[in-house]
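S.K.: The file below is protein36.cif, mmCIF, C-alpha atoms:
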```cif
data_upload
loop_
_atom_site.group_PDB
_atom_site.id
_atom_site.type_symbol
_atom_site.label_atom_id
_atom_site.label_comp_id
_atom_site.auth_asym_id
_atom_site.auth_seq_id
_atom_site.Cartn_x
_atom_site.Cartn_y
_atom_site.Cartn_z
ATOM 1 C CA MET W 94 0.000 0.000 0.000
ATOM 2 C CA SER W 95 1.297 3.482 -0.815
ATOM 3 C CA GLU W 96 1.941 5.841 2.074
ATOM 4 C CA ASP W 97 -0.985 8.096 2.931
ATOM 5 C CA HIS W 98 0.155 11.731 2.699
ATOM 6 C CA TYR W 99 -1.789 14.793 3.785
ATOM 7 C CA PHE W 100 -1.310 15.991 0.193
ATOM 8 C CA SER W 101 -3.010 12.896 -1.220
ATOM 9 C CA ALA W 102 -6.162 13.803 -3.136
ATOM 10 C CA GLN W 103 -8.043 10.804 -1.710
ATOM 11 C CA PRO W 104 -6.518 9.644 1.625
ATOM 12 C CA ALA W 105 -6.502 5.877 2.079
ATOM 13 C CA SER W 106 -6.711 5.972 5.883
ATOM 14 C CA ALA W 107 -10.006 5.467 7.681
ATOM 15 C CA ASP W 108 -12.123 8.602 7.759
ATOM 16 C CA GLU W 109 -12.605 8.734 11.524
ATOM 17 C CA ARG W 110 -14.021 12.127 12.480
ATOM 18 C CA ARG W 111 -13.560 13.803 15.845
ATOM 19 C CA LEU W 112 -13.968 17.205 17.442
ATOM 20 C CA ILE W 113 -11.032 19.107 18.896
ATOM 21 C CA PRO W 114 -10.964 22.387 20.847
ATOM 22 C CA VAL W 115 -8.971 25.229 19.252
ATOM 23 C CA ARG W 116 -8.739 28.991 19.557
ATOM 24 C CA LEU W 117 -9.397 30.943 16.350
ATOM 25 C CA ALA W 118 -9.798 34.713 15.939
ATOM 26 C CA GLY W 119 -9.835 35.124 19.708
ATOM 27 C CA ARG W 120 -12.597 32.555 20.211
ATOM 28 C CA ASP W 121 -12.565 29.122 21.816
ATOM 29 C CA VAL W 122 -14.326 26.814 19.371
ATOM 30 C CA GLU W 123 -14.588 23.169 18.379
ATOM 31 C CA VAL W 124 -13.684 21.964 14.907
ATOM 32 C CA GLU W 125 -14.004 18.629 13.152
ATOM 33 C CA THR W 126 -10.866 16.813 12.005
ATOM 34 C CA ALA W 127 -9.892 13.361 10.749
ATOM 35 C CA SER W 128 -6.871 11.258 9.890
ATOM 36 C CA GLY W 129 -5.301 11.564 6.446
ATOM 37 C CA ILE W 130 -5.042 15.373 6.572
ATOM 38 C CA PHE W 131 -2.377 17.782 7.775
ATOM 39 C CA SER W 132 -2.135 18.205 11.569
ATOM 40 C CA PRO W 133 -5.465 16.593 12.517
ATOM 41 C CA GLY W 134 -4.957 16.851 16.275
ATOM 42 C CA HIS W 135 -4.186 20.545 16.755
ATOM 43 C CA ILE W 136 -3.170 23.774 15.037
ATOM 44 C CA ASP W 137 0.356 22.953 13.902
ATOM 45 C CA LEU W 138 3.246 25.051 15.184
ATOM 46 C CA GLY W 139 3.975 26.787 11.881
ATOM 47 C CA THR W 140 0.372 27.898 11.484
ATOM 48 C CA GLN W 141 0.368 29.100 15.105
ATOM 49 C CA VAL W 142 3.420 31.245 14.350
ATOM 50 C CA LEU W 143 1.792 32.630 11.195
ATOM 51 C CA LEU W 144 -1.458 33.412 12.996
ATOM 52 C CA ARG W 145 0.444 35.491 15.559
ATOM 53 C CA HIS W 146 1.883 37.676 12.781
ATOM 54 C CA LEU W 147 -1.109 38.037 10.467
ATOM 55 C CA PRO W 148 -3.032 41.304 10.198
ATOM 56 C CA PRO W 149 -6.825 41.126 10.079
ATOM 57 C CA ALA W 150 -8.090 39.737 6.803
ATOM 58 C CA PRO W 151 -9.097 42.392 4.285
ATOM 59 C CA ALA W 152 -12.716 42.988 3.366
ATOM 60 C CA GLY W 153 -12.226 41.278 0.044
ATOM 61 C CA ALA W 154 -10.954 38.087 -1.545
ATOM 62 C CA VAL W 155 -8.706 35.928 0.630
ATOM 63 C CA LEU W 156 -6.979 32.711 -0.439
ATOM 64 C CA ASP W 157 -5.947 30.061 2.090
ATOM 65 C CA LEU W 158 -3.459 28.067 0.024
ATOM 66 C CA GLY W 159 -3.265 24.500 1.382
ATOM 67 C CA CYS W 160 -6.128 24.940 3.818
ATOM 68 C CA GLY W 161 -6.231 21.563 5.608
ATOM 69 C CA TRP W 162 -9.179 21.519 7.997
ATOM 70 C CA GLY W 163 -9.262 25.307 7.800
ATOM 71 C CA PRO W 164 -7.493 27.200 10.608
ATOM 72 C CA LEU W 165 -6.397 30.095 8.373
ATOM 73 C CA ALA W 166 -9.590 30.262 6.316
ATOM 74 C CA LEU W 167 -11.755 30.143 9.430
ATOM 75 C CA THR W 168 -9.677 32.833 11.135
ATOM 76 C CA ALA W 169 -10.103 35.120 8.129
ATOM 77 C CA ALA W 170 -13.859 34.533 7.966
ATOM 78 C CA LEU W 171 -14.435 34.859 11.717
ATOM 79 C CA GLY W 172 -12.299 37.990 11.967
ATOM 80 C CA THR W 173 -13.628 39.959 8.998
ATOM 81 C CA ALA W 174 -17.317 39.872 8.160
ATOM 82 C CA ASP W 175 -16.769 41.051 4.569
ATOM 83 C CA ALA W 176 -13.955 38.612 3.757
ATOM 84 C CA ARG W 177 -14.667 36.182 0.909
ATOM 85 C CA VAL W 178 -12.416 33.228 1.576
ATOM 86 C CA THR W 179 -11.288 30.597 -0.901
ATOM 87 C CA ALA W 180 -9.978 27.575 1.025
ATOM 88 C CA LEU W 181 -7.850 25.609 -1.444
ATOM 89 C CA ASP W 182 -6.449 22.100 -1.073
ATOM 90 C CA VAL W 183 -5.810 18.972 -3.126
ATOM 91 C CA ASN W 184 -7.025 16.719 -0.303
ATOM 92 C CA ARG W 185 -10.781 16.228 -0.654
ATOM 93 C CA ARG W 186 -11.167 15.035 2.930
ATOM 94 C CA ALA W 187 -9.558 18.270 4.113
ATOM 95 C CA LEU W 188 -11.891 20.289 1.894
ATOM 96 C CA ASP W 189 -14.924 18.515 3.299
ATOM 97 C CA LEU W 190 -13.731 19.252 6.827
ATOM 98 C CA ALA W 191 -13.004 22.912 6.041
ATOM 99 C CA SER W 192 -16.487 23.284 4.600
ATOM 100 C CA ARG W 193 -18.121 21.531 7.568
ATOM 101 C CA ASN W 194 -16.118 23.643 10.015
ATOM 102 C CA ALA W 195 -17.174 26.836 8.268
ATOM 103 C CA ALA W 196 -20.800 25.734 8.673
ATOM 104 C CA ARG W 197 -20.187 24.724 12.302
ATOM 105 C CA LEU W 198 -18.807 28.181 13.099
ATOM 106 C CA GLY W 199 -21.477 30.085 11.192
ATOM 107 C CA VAL W 200 -19.312 31.380 8.332
ATOM 108 C CA ALA W 201 -20.300 28.996 5.536
ATOM 109 C CA ASP W 202 -21.435 31.973 3.446
ATOM 110 C CA ARG W 203 -17.891 33.401 3.562
ATOM 111 C CA VAL W 204 -15.808 30.256 2.902
ATOM 112 C CA ALA W 205 -15.654 28.220 -0.312
ATOM 113 C CA ALA W 206 -13.561 25.057 0.083
ATOM 114 C CA VAL W 207 -12.419 24.057 -3.414
ATOM 115 C CA THR W 208 -9.771 22.401 -5.566
ATOM 116 C CA ALA W 209 -7.622 24.442 -7.931
ATOM 117 C CA ASP W 210 -9.684 23.655 -11.011
ATOM 118 C CA GLU W 211 -12.752 25.165 -9.336
ATOM 119 C CA VAL W 212 -11.134 28.622 -9.041
ATOM 120 C CA PRO W 213 -11.854 30.940 -11.988
ATOM 121 C CA ALA W 214 -8.748 31.635 -14.063
ATOM 122 C CA ASP W 215 -9.230 35.391 -13.672
ATOM 123 C CA ALA W 216 -9.650 35.308 -9.878
ATOM 124 C CA ARG W 217 -7.413 37.709 -7.978
ATOM 125 C CA PHE W 218 -6.886 37.891 -4.222
ATOM 126 C CA ASP W 219 -6.418 40.778 -1.827
ATOM 127 C CA ALA W 220 -4.619 38.441 0.573
ATOM 128 C CA ILE W 221 -3.026 35.015 0.333
ATOM 129 C CA TRP W 222 -2.292 33.163 3.553
ATOM 130 C CA SER W 223 -0.371 29.898 3.523
ATOM 131 C CA ASN W 224 1.617 27.374 5.468
ATOM 132 C CA PRO W 225 2.751 25.798 2.181
ATOM 133 C CA PRO W 226 3.303 22.045 1.860
ATOM 134 C CA ILE W 227 7.105 22.055 1.849
ATOM 135 C CA ARG W 228 7.311 18.260 1.887
ATOM 136 C CA ILE W 229 5.843 17.901 -1.604
ATOM 137 C CA GLY W 230 9.353 18.718 -2.863
ATOM 138 C CA LYS W 231 11.025 21.877 -4.145
ATOM 139 C CA ASP W 232 9.915 21.617 -7.779
ATOM 140 C CA ALA W 233 6.277 20.935 -6.881
ATOM 141 C CA LEU W 234 6.339 23.709 -4.272
ATOM 142 C CA HIS W 235 7.731 26.208 -6.775
ATOM 143 C CA GLU W 236 5.056 25.189 -9.278
ATOM 144 C CA LEU W 237 2.342 25.659 -6.653
ATOM 145 C CA LEU W 238 3.549 29.109 -5.601
ATOM 146 C CA ALA W 239 4.080 30.167 -9.215
ATOM 147 C CA ALA W 240 0.447 29.303 -9.911
ATOM 148 C CA TRP W 241 -0.978 31.394 -7.068
ATOM 149 C CA LEU W 242 1.315 34.174 -5.818
ATOM 150 C CA PRO W 243 1.045 36.067 -9.128
ATOM 151 C CA ARG W 244 -2.721 36.230 -8.500
ATOM 152 C CA LEU W 245 -2.279 38.865 -5.814
ATOM 153 C CA ALA W 246 -4.318 41.963 -6.594
ATOM 154 C CA ALA W 247 -2.702 45.388 -6.597
ATOM 155 C CA ASP W 248 -1.748 46.325 -3.017
ATOM 156 C CA GLY W 249 -2.415 42.724 -1.969
ATOM 157 C CA GLU W 250 -0.258 40.823 0.502
ATOM 158 C CA ALA W 251 0.778 37.171 0.685
ATOM 159 C CA TRP W 252 1.824 35.812 4.070
ATOM 160 C CA LEU W 253 3.769 32.541 4.232
ATOM 161 C CA VAL W 254 5.353 30.561 7.050
ATOM 162 C CA VAL W 255 8.229 28.168 6.349
ATOM 163 C CA GLN W 256 10.550 26.191 8.616
ATOM 164 C CA ARG W 257 14.027 27.689 8.583
ATOM 165 C CA ASN W 258 15.712 24.268 8.387
ATOM 166 C CA LEU W 259 13.502 23.293 5.440
ATOM 167 C CA GLY W 260 14.711 26.133 3.246
ATOM 168 C CA ALA W 261 12.855 29.286 4.303
ATOM 169 C CA ASP W 262 15.687 31.593 3.264
ATOM 170 C CA SER W 263 16.335 29.889 -0.077
ATOM 171 C CA LEU W 264 12.598 29.985 -0.816
ATOM 172 C CA ALA W 265 12.557 33.690 0.017
ATOM 173 C CA ARG W 266 15.397 34.280 -2.455
ATOM 174 C CA TRP W 267 13.571 32.271 -5.121
ATOM 175 C CA ILE W 268 10.352 34.254 -4.678
ATOM 176 C CA SER W 269 12.276 37.536 -4.845
ATOM 177 C CA ASP W 270 13.873 36.476 -8.138
ATOM 178 C CA GLN W 271 10.597 35.627 -9.887
ATOM 179 C CA ARG W 272 9.061 37.803 -12.585
ATOM 180 C CA GLY W 273 5.571 37.848 -14.057
ATOM 181 C CA ALA W 274 4.658 37.728 -17.724
ATOM 182 C CA ASP W 275 5.098 41.513 -17.821
ATOM 183 C CA GLY W 276 8.650 41.201 -16.538
ATOM 184 C CA GLU W 277 7.770 42.781 -13.205
ATOM 185 C CA PRO W 278 8.561 41.096 -9.859
ATOM 186 C CA TRP W 279 5.773 39.222 -8.122
ATOM 187 C CA GLY W 280 6.099 41.816 -5.402
ATOM 188 C CA ARG W 281 8.328 43.084 -2.630
ATOM 189 C CA LEU W 282 9.339 40.325 -0.215
ATOM 190 C CA GLU W 283 10.002 40.965 3.463
ATOM 191 C CA LYS W 284 11.045 38.669 6.278
ATOM 192 C CA VAL W 285 8.754 39.893 9.016
ATOM 193 C CA GLY W 286 9.426 37.495 11.866
ATOM 194 C CA SER W 287 10.946 34.300 13.170
ATOM 195 C CA ALA W 288 9.794 32.062 16.003
ATOM 196 C CA LYS W 289 10.176 28.448 17.082
ATOM 197 C CA GLY W 290 12.228 27.526 14.019
ATOM 198 C CA PHE W 291 9.868 29.160 11.515
ATOM 199 C CA ARG W 292 10.250 32.194 9.288
ATOM 200 C CA VAL W 293 7.300 34.407 8.358
ATOM 201 C CA LEU W 294 7.473 36.000 4.898
ATOM 202 C CA ARG W 295 5.305 38.789 3.485
ATOM 203 C CA LEU W 296 5.033 39.486 -0.237
ATOM 204 C CA VAL W 297 3.508 42.878 -1.055
ATOM 205 C CA ARG W 298 2.158 43.565 -4.552
ATOM 206 C CA ASP W 299 2.768 47.284 -5.141
#
```
Using structure tokens, write down the structure from this file.
M.R.:
Amino acid sequence: MSEDHYFSAQPASADERRLIPVRLAGRDVEVETASGIFSPGHIDLGTQVLLRHLPPAPAGAVLDLGCGWGPLALTAALGTADARVTALDVNRRALDLASRNAARLGVADRVAAVTADEVPADARFDAIWSNPPIRIGKDALHELLAAWLPRLAADGEAWLVVQRNLGADSLARWISDQRGADGEPWGRLEKVGSAKGFRVLRLVRD
């Protein structure tokens, strides 16, 4: 049997659901999780670090890239009533959980949990939040970021968290070197914080 990864589209492990207590957007809530997704038992450390650095979500289009069960998407929707959140993942079990959690927390009208092919090609985002799936490999990670970071709207911001020992600084250099079809940089990259072995990066589209 092949190994069951959190980035598998259809996890092979048993779909055993459970509720866990978490704190999102200053609220103590319960969310539904399951095996076969990323960090099913708690908010992982990298996402915790990112959440401590994030500004409030804008009143506009927000992309949670690699949403898992939804901690970033739910935070955006709970924190900003006018946020329209796209929760994106390849893992269909994770998408189902993100959608169910949005309904559980009363923000189903603000969160759409979808795969990449369900996002309109012309969609642009005022904010992109992500704890990207580093373990898919460098080439696949670069392809993923190249597909979505250029979709930042003017004055939009992308916030990423990456483990320092898994290449945060080299990834930052790579992002800074990228150019769009018009020859312009994807944006201005800043290293805005480090904690517990993680680096927080912010890409600003001027």
S.K.: I want to know what sits within 8 Å of segment 295-297 of chain W, based on all atoms listed in the file, with residues of the same chain fewer than 2 positions away left out; could you give that as an MDAnalysis selection string?
M.R.: chainID W and resid 248:253 279:285 293 299
S.K.: Name every residue that the PyMOL selection byres ((chain W and resi 148-162) around 6) selects in this structure, writing the answer as an MDAnalysis selection string with chains first and numbers rising.
M.R.: chainID W and resid 131 147 163 166 169 173 175:182 187 190:191 218:223
S.K.: Residues picked by the PyMOL selection byres ((chain W and resi 288) around 10) here, as a ChimeraX atom specification?
M.R.: /W:138-139,141-143,145,256-257,286-287,289-293
S.K.: Using Å and a single decimal, report how far atom CA of Ala206 of chain W sits from atom CA of Leu171 of chain W.
M.R.: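 The value is 15.2 Å.
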S.K.: Go through W:Val207, W:Asp202, W:Arg197, W:Ala216 and flag the residue nearest Val122 of chain W, using only C-alpha atoms for the distances.
M.R.: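 Among the listed residues, the smallest separation from Val122 of chain W belongs to W:Arg197.
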S.K.: Tell me which of W:Leu264, W:Ala170, W:Ile136, W:Leu188 sits closest to Ala239 of chain W, counting all atoms listed in the file.
M.R.: W:Leu264
S.K.: Skipping near chain neighbours, those fewer than 6 positions away, what residues fall within 12 Å of Glu277 of chain W using only C-alpha atoms, listed as number ranges by chain?
M.R.: W: 243, 269-271, 298-299
S.K.: Rounded to one decimal in Å, what is the spacing between atom CA of Pro213 of chain W and atom CA of Asn184 of chain W?
M.R.: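 Atom-to-atom, atom CA of Pro213 of chain W to atom CA of Asn184 of chain W, that is 19.0 Å.
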S.K.: How many Å separate atom CA of Glu109 of chain W from atom CA of Ser128 of chain W?
M.R.: 6.5 Å
S.K.: Would you kindly return, as JSON, numbers by chain, each protein, DNA or RNA residue with an atom no farther than 8 Å from any atom of Leu117 of chain W, considering all atoms listed in the file and excluding same-chain residues fewer than 2 positions away?
M.R.: {"W": [115, 119, 120, 121, 122, 164, 167, 168, 171]}
S.K.: With all atoms listed in the file as the basis for distance, which of W:Asn258, W:Ser132, W:Asn224, W:Ser263 is at the shortest distance from Leu144 of chain W?
M.R.: W:Asn224
S.K.: For Arg110 of chain W, please output as a ChimeraX atom specification all residues within 9 Å (counting all atoms listed in the file; exclusion window: fewer than 6 positions along the same chain).
M.R.: /W:125-128
S.K.: Which one is closest to His146 of chain W: W:Gly230, W:Arg186, W:Leu294, W:Leu198? Count all atoms listed in the file.
M.R.: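 Once distances to His146 of chain W are computed over all atoms listed in the file, the minimum belongs to W:Leu294.
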S.K.: Go through W:Leu238, W:Val254, W:Ala118, W:Val124 one by one, measure the shortest atom-to-atom distance of each to Asn194 of chain W using only C-alpha atoms, and give the residue with the smallest value.
M.R.: W:Val124
